[in-house]
Structures are given as structure tokens and as C-alpha cells.
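Below is my_file.csv, which holds CSV, C-alpha atoms.
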chain,number,residue,atom,x,y,z
A,1,MET,CA,-30.9,-82.3,-92.0
A,2,LYS,CA,-28.9,-79.4,-93.5
A,3,ARG,CA,-30.9,-77.0,-91.3
A,4,TYR,CA,-29.9,-79.0,-88.3
A,5,PHE,CA,-26.2,-78.8,-89.1
A,6,LEU,CA,-26.6,-75.1,-90.0
A,7,LEU,CA,-28.2,-74.4,-86.6
A,8,LEU,CA,-25.6,-76.4,-84.8
A,9,ALA,CA,-22.8,-74.5,-86.6
A,10,ILE,CA,-24.4,-71.2,-85.7
A,11,ALA,CA,-24.8,-72.2,-82.0
A,12,ALA,CA,-21.2,-73.4,-81.8
A,13,GLY,CA,-20.0,-70.1,-83.3
A,14,LEU,CA,-22.1,-68.0,-80.9
A,15,THR,CA,-20.8,-70.1,-77.9
A,16,THR,CA,-17.2,-69.7,-79.0
A,17,THR,CA,-17.7,-66.0,-79.5
A,18,SER,CA,-19.3,-65.7,-76.0
A,19,PHE,CA,-16.5,-67.6,-74.4
A,20,ALA,CA,-13.8,-65.5,-76.1
A,21,GLN,CA,-15.6,-62.3,-75.1
A,22,HIS,CA,-15.9,-63.5,-71.5
A,23,ALA,CA,-12.2,-64.4,-71.4
A,24,GLU,CA,-11.2,-61.1,-72.9
A,25,HIS,CA,-13.4,-59.2,-70.4
A,26,LYS,CA,-12.0,-61.1,-67.5
A,27,GLU,CA,-8.4,-60.4,-68.6
A,28,LYS,CA,-9.2,-56.7,-68.9
A,29,GLU,CA,-10.6,-56.7,-65.4
A,30,GLU,CA,-7.5,-58.4,-64.0
A,31,LYS,CA,-5.3,-55.8,-65.7
A,32,GLU,CA,-7.4,-52.9,-64.4
A,33,SER,CA,-7.3,-54.4,-60.9
A,34,LYS,CA,-3.5,-54.7,-61.0
A,35,LYS,CA,-3.3,-51.1,-62.2
A,36,LYS,CA,-5.4,-49.9,-59.3
A,37,THR,CA,-3.1,-51.4,-56.7
A,38,GLU,CA,0.2,-50.5,-58.2
A,39,VAL,CA,1.9,-49.1,-55.1
A,40,PRO,CA,4.5,-46.4,-55.3
A,41,ALA,CA,8.0,-47.3,-53.8
A,42,ALA,CA,7.7,-44.5,-51.2
A,43,VAL,CA,4.5,-46.1,-49.9
A,44,LYS,CA,6.0,-49.6,-49.7
A,45,GLU,CA,9.1,-48.2,-48.0
A,46,SER,CA,7.0,-46.4,-45.4
A,47,PHE,CA,4.9,-49.4,-44.8
A,48,ALA,CA,8.1,-51.6,-44.3
A,49,LYS,CA,9.4,-49.1,-41.7
A,50,GLN,CA,6.1,-48.9,-39.8
A,51,PHE,CA,5.5,-52.7,-39.9
A,52,PRO,CA,8.8,-54.5,-40.5
A,53,GLY,CA,8.6,-58.1,-41.7
A,54,THR,CA,4.9,-57.7,-42.6
A,55,THR,CA,3.3,-58.5,-45.9
A,56,ALA,CA,0.3,-56.5,-47.1
A,57,LYS,CA,-2.5,-56.8,-49.6
A,58,TRP,CA,-2.9,-53.4,-51.3
A,59,ASP,CA,-6.0,-51.6,-52.4
A,60,LYS,CA,-6.9,-48.0,-53.3
A,61,GLU,CA,-9.3,-46.1,-51.1
A,62,ASP,CA,-10.2,-42.5,-51.9
A,63,GLY,CA,-7.0,-41.8,-53.7
A,64,LYS,CA,-4.9,-43.3,-50.9
A,65,TYR,CA,-3.2,-46.7,-50.7
A,66,GLU,CA,-4.6,-49.1,-48.1
A,67,ALA,CA,-2.6,-52.0,-46.8
A,68,GLY,CA,-4.5,-54.9,-45.3
A,69,PHE,CA,-2.3,-57.2,-43.1
A,70,LYS,CA,-1.9,-59.1,-39.9
A,71,HIS,CA,0.5,-57.7,-37.3
A,72,MET,CA,1.2,-59.0,-33.8
A,73,GLY,CA,-1.9,-61.3,-34.0
A,74,HIS,CA,-4.3,-58.5,-35.1
A,75,GLU,CA,-6.0,-57.9,-38.4
A,76,MET,CA,-5.0,-54.4,-39.4
A,77,SER,CA,-5.1,-51.9,-42.2
A,78,ALA,CA,-3.1,-48.7,-42.8
A,79,LEU,CA,-3.7,-45.8,-45.2
A,80,PHE,CA,-0.9,-44.0,-47.0
A,81,GLU,CA,-0.6,-40.9,-49.2
A,82,GLY,CA,1.2,-41.5,-52.5
A,83,ASN,CA,4.3,-39.9,-51.0
A,84,GLY,CA,4.5,-42.5,-48.3
A,85,THR,CA,2.9,-40.6,-45.4
A,86,MET,CA,0.8,-42.8,-43.3
A,87,THR,CA,-2.5,-41.0,-42.4
A,88,GLU,CA,-4.0,-43.7,-40.1
A,89,SER,CA,-3.9,-47.3,-39.0
A,90,GLU,CA,-6.8,-49.4,-38.0
A,91,MET,CA,-6.6,-52.5,-35.7
A,92,GLU,CA,-9.5,-54.9,-35.3
A,93,ILE,CA,-10.5,-55.3,-31.7
A,94,LYS,CA,-13.1,-57.3,-29.7
A,95,VAL,CA,-16.4,-55.6,-29.2
A,96,SER,CA,-15.8,-56.0,-25.5
A,97,GLU,CA,-12.7,-53.7,-25.9
A,98,LEU,CA,-14.8,-50.8,-27.1
A,99,PRO,CA,-15.6,-48.0,-24.5
A,100,VAL,CA,-18.9,-48.7,-22.7
A,101,SER,CA,-20.4,-45.5,-24.1
A,102,VAL,CA,-19.9,-46.8,-27.7
A,103,VAL,CA,-21.8,-50.0,-26.9
A,104,ASN,CA,-24.6,-48.0,-25.2
A,105,TYR,CA,-24.9,-45.6,-28.1
A,106,ALA,CA,-25.3,-48.5,-30.5
A,107,LYS,CA,-28.0,-50.1,-28.3
A,108,GLU,CA,-29.8,-46.8,-27.9
A,109,HIS,CA,-29.7,-45.6,-31.5
A,110,HIS,CA,-29.8,-48.9,-33.4
A,111,LYS,CA,-32.2,-51.0,-31.3
A,112,GLY,CA,-32.0,-54.7,-31.8
A,113,ALA,CA,-28.8,-54.5,-33.9
A,114,THR,CA,-25.5,-56.0,-32.8
A,115,ILE,CA,-22.1,-54.6,-33.3
A,116,LYS,CA,-20.6,-57.0,-35.9
A,117,GLU,CA,-17.0,-55.6,-35.9
A,118,ALA,CA,-15.0,-53.2,-33.9
A,119,ALA,CA,-11.7,-51.3,-34.5
A,120,LYS,CA,-9.4,-48.9,-32.9
A,121,ILE,CA,-8.2,-46.2,-35.4
A,122,THR,CA,-4.9,-44.3,-34.7
A,123,LYS,CA,-4.5,-41.1,-36.8
A,124,ALA,CA,-1.1,-39.9,-37.9
A,125,ASN,CA,-1.2,-37.2,-35.2
A,126,GLY,CA,-1.8,-39.8,-32.5
A,127,GLU,CA,-5.6,-39.2,-32.2
A,128,ILE,CA,-7.6,-42.3,-31.3
A,129,ASN,CA,-11.0,-43.1,-32.7
A,130,TYR,CA,-13.2,-46.2,-32.3
A,131,GLU,CA,-15.3,-47.8,-35.0
A,132,ALA,CA,-18.3,-50.0,-34.5
A,133,GLU,CA,-20.0,-51.7,-37.5
A,134,VAL,CA,-23.7,-51.8,-37.2
A,135,LYS,CA,-26.3,-52.5,-39.9
A,136,GLY,CA,-23.8,-52.1,-42.8
A,137,MET,CA,-22.5,-48.8,-41.5
A,138,ASP,CA,-19.5,-47.7,-39.4
A,139,LEU,CA,-20.2,-45.6,-36.3
A,140,ILE,CA,-17.2,-43.5,-35.5
A,141,PHE,CA,-16.4,-42.3,-31.9
A,142,ASP,CA,-13.6,-40.3,-30.3
A,143,ALA,CA,-11.2,-41.8,-27.7
A,144,ASN,CA,-13.7,-41.2,-24.9
A,145,GLY,CA,-16.5,-42.9,-26.7
A,146,LYS,CA,-18.3,-39.7,-27.9
A,147,PHE,CA,-20.2,-40.3,-31.1
A,148,LEU,CA,-18.7,-38.4,-34.1
A,149,LYS,CA,-20.4,-39.7,-37.3
A,150,GLU,CA,-21.9,-42.5,-39.3
A,151,VAL,CA,-20.1,-43.7,-42.5
A,152,LYS,CA,-21.9,-46.0,-45.0
A,153,ASP,CA,-19.9,-49.2,-45.7
Encoded form (C-alpha cells):
Amino acid sequence: MKRYFLLLAIAAGLTTTSFAQHAEHKEKEEKESKKKTEVPAAVKESFAKQFPGTTAKWDKEDGKYEAGFKHMGHEMSALFEGNGTMTESEMEIKVSELPVSVVNYAKEHHKGATIKEAAKITKANGEINYEAEVKGMDLIFDANGKFLKEVKD
């Protein structure tokens, strides 16, 4: 009977330690996540000027700050340098809004696959690109629908 209580006490101690470690790990992850998305004031100000009255969810992407938001009925994102300079914005569009050559390229080079998502990308200099998501990768095209590159998601 003493062994039973001893085993029960050990099991309870291990369970408590495991829960405490899990809670501590989760708290650490949350703090790190908040650190990653601490957005400089210059970035927030630039975003507010570009998209007045819009609220964003912030992430970091390749050292830049990415705002995810809804604007004028469209799902969008925008990338900013730490100094507040917007480098590009991306607006989700319907697949039917892509240039025909984009759809044809996807059919020819990724037989049997469907375009899951489409977007129109506007660079800071006004250059337009299109993005078509196929098989877990993004196909990038210029404004005329000419293929530029593939980017792994």
C-alpha cells in the first residue's frame, strides 16, 4: 500500500512539473511572438497615411513589417521597411481577374493543378505584378502576365 501511495505521489509530482513547464514554455512563446511584431512608430504612421481608418495585424517578413488587413472590401497586405517606407502592397483578387496568360502558364506548367489564390502586387515604384498560388508555391508574373519566378510558400 505504501508503494501505491509513493507511485501516486511521484506521478502527481511529474504531472505538476510537466504542466508548469508547458505553461512556462507557452508564456515564453507568447512574449517572443509579441517581440517579433513590435512595430516602430514610423511604420504605424506610414500605414495610417496609406490606409486611413484601417486596422492591421502585424508580422515580420524578411526583416520587414507586414500588415495584414481588409481595405475597401479586399483582403490585403503591405510591406514596410523599419523607417516607414512601404515597399509593396498586395491585394487578393479573383482568379478570373488574372491575365489570361497567367492562367495558361499555370495550366501548361502545372498540369492538373488549380490556382488556389490570386493577388495583384503593387511595388513602391508603381510596378504591377501578379501572383498565382499553385501547389504550395507562388508563381509571380509581370503586369503583362509574363512569368518571372516561383517562390516557395
**OP:** Could you check how far CA of Gly145 in chain A sits from CA of Ala132 in chain A, in Å to one decimal?
**Re:**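 If I compute the distance from CA of Gly145 in chain A to CA of Ala132 in chain A, I get 10.7 Å.
Between Val103 in chain A and the residues A:Glu81, A:Glu150, A:Glu45, A:Glu131, the shortest atom-to-atom distance, using all atoms listed in the file, involves A:Glu131.
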Using only C-alpha atoms, the residue out of A:Asp62, A:Ile140, A:Ala118, A:Glu133 with shortest distance to Asp153 in chain A is A:Glu133
For Gly126 in chain A, the closest of A:Glu88, A:Ala113, A:Asn104, A:Val43 counting all atoms listed in the file is A:Glu88
Inset, instruction - Pick out the closest residue to Val100 in chain A from this set: A:Lys135, A:Lys146, A:Lys123, A:Lys60. Count all atoms listed in the file. - result: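 Checking each candidate against Val100 in chain A, we get A:Lys146 as the closest.
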Inset, instruction - Do a neighbour search on range 89-92 of chain A at 6 Å with all atoms listed in the file, toss out local chain neighbours closer than 2 positions, and write the hits as a PyMOL selection string. - result: chain A and resi 75-78+118-122
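Computed from the coordinates, the CA of Phe141 in chain A to CA of His74 in chain A distance equals 20.5 Å.
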CA of Glu66 in chain A sits from CA of Leu98 in chain A at a separation of 23.4 Å
Legend entry - Cut-off 10 Å around (-3.6, -60.0, -47.2) with only C-alpha atoms: residues as a PyMOL selection string: chain A and resi 54-58+67-70+75-77
Residue subset to file, keeping C-alpha atoms, as a tab-separated table (two decimals), in the frame of the given file:
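Result went into result.tsv, see below:
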chain	number	residue	atom	x	y	z
A	54	THR	CA	4.90	-57.70	-42.60
A	55	THR	CA	3.30	-58.50	-45.90
A	56	ALA	CA	0.30	-56.50	-47.10
A	57	LYS	CA	-2.50	-56.80	-49.60
A	58	TRP	CA	-2.90	-53.40	-51.30
A	67	ALA	CA	-2.60	-52.00	-46.80
A	68	GLY	CA	-4.50	-54.90	-45.30
A	69	PHE	CA	-2.30	-57.20	-43.10
A	70	LYS	CA	-1.90	-59.10	-39.90
A	75	GLU	CA	-6.00	-57.90	-38.40
A	76	MET	CA	-5.00	-54.40	-39.40
A	77	SER	CA	-5.10	-51.90	-42.20
Hey, which of A:Tyr65, A:Pro52, A:Ile128, A:His109 ends up closest to Glu38 in chain A? Count all atoms listed in the file.
->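 With all atoms listed in the file as the atom set, the closest residue is A:Tyr65.
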With 8 Å of padding per side, what axis-aligned box (centre and edge lengths, Å, one decimal) covers all the listed atoms of range 128-133 of chain A? Give it as lines of an AutoDock Vina configuration file.
center_x = -13.8
center_y = -47.0
center_z = -34.4
size_x = 28.4
size_y = 25.4
size_z = 22.2
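The environment of Lys152 in chain A within 8 Å, counting only C-alpha atoms and disregarding residues fewer than 5 places along the same chain, consists of Gly136, Met137 and Asp138 of chain A.
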Take the residues just selected and output them with C-alpha atoms as a PDB file, in the frame of the given file.
ATOM      1  CA  GLY A 136     -23.800 -52.100 -42.800  1.00  0.00           C
ATOM      2  CA  MET A 137     -22.500 -48.800 -41.500  1.00  0.00           C
ATOM      3  CA  ASP A 138     -19.500 -47.700 -39.400  1.00  0.00           C
TER       4      ASP A 138
END
Give the answer as one residue: which of A:Ser96, A:Gly53, A:Ala41, A:Asp59 has the shortest atom-to-atom distance to Met72 in chain A, using all atoms listed in the file?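 Between A:Ser96, A:Gly53, A:Ala41, A:Asp59, the residue approaching Met72 in chain A most closely is A:Gly53.
Summary of the local environment: counting all atoms listed in the file, residues at most 10 Å from Gly82 in chain A, other than itself and those fewer than 3 positions away along its chain, are Val39, Pro40, Ala41, Ala42, Val43, Lys44, Gly63, Lys64, Tyr65, Leu79, Thr85 and Met86 of chain A.
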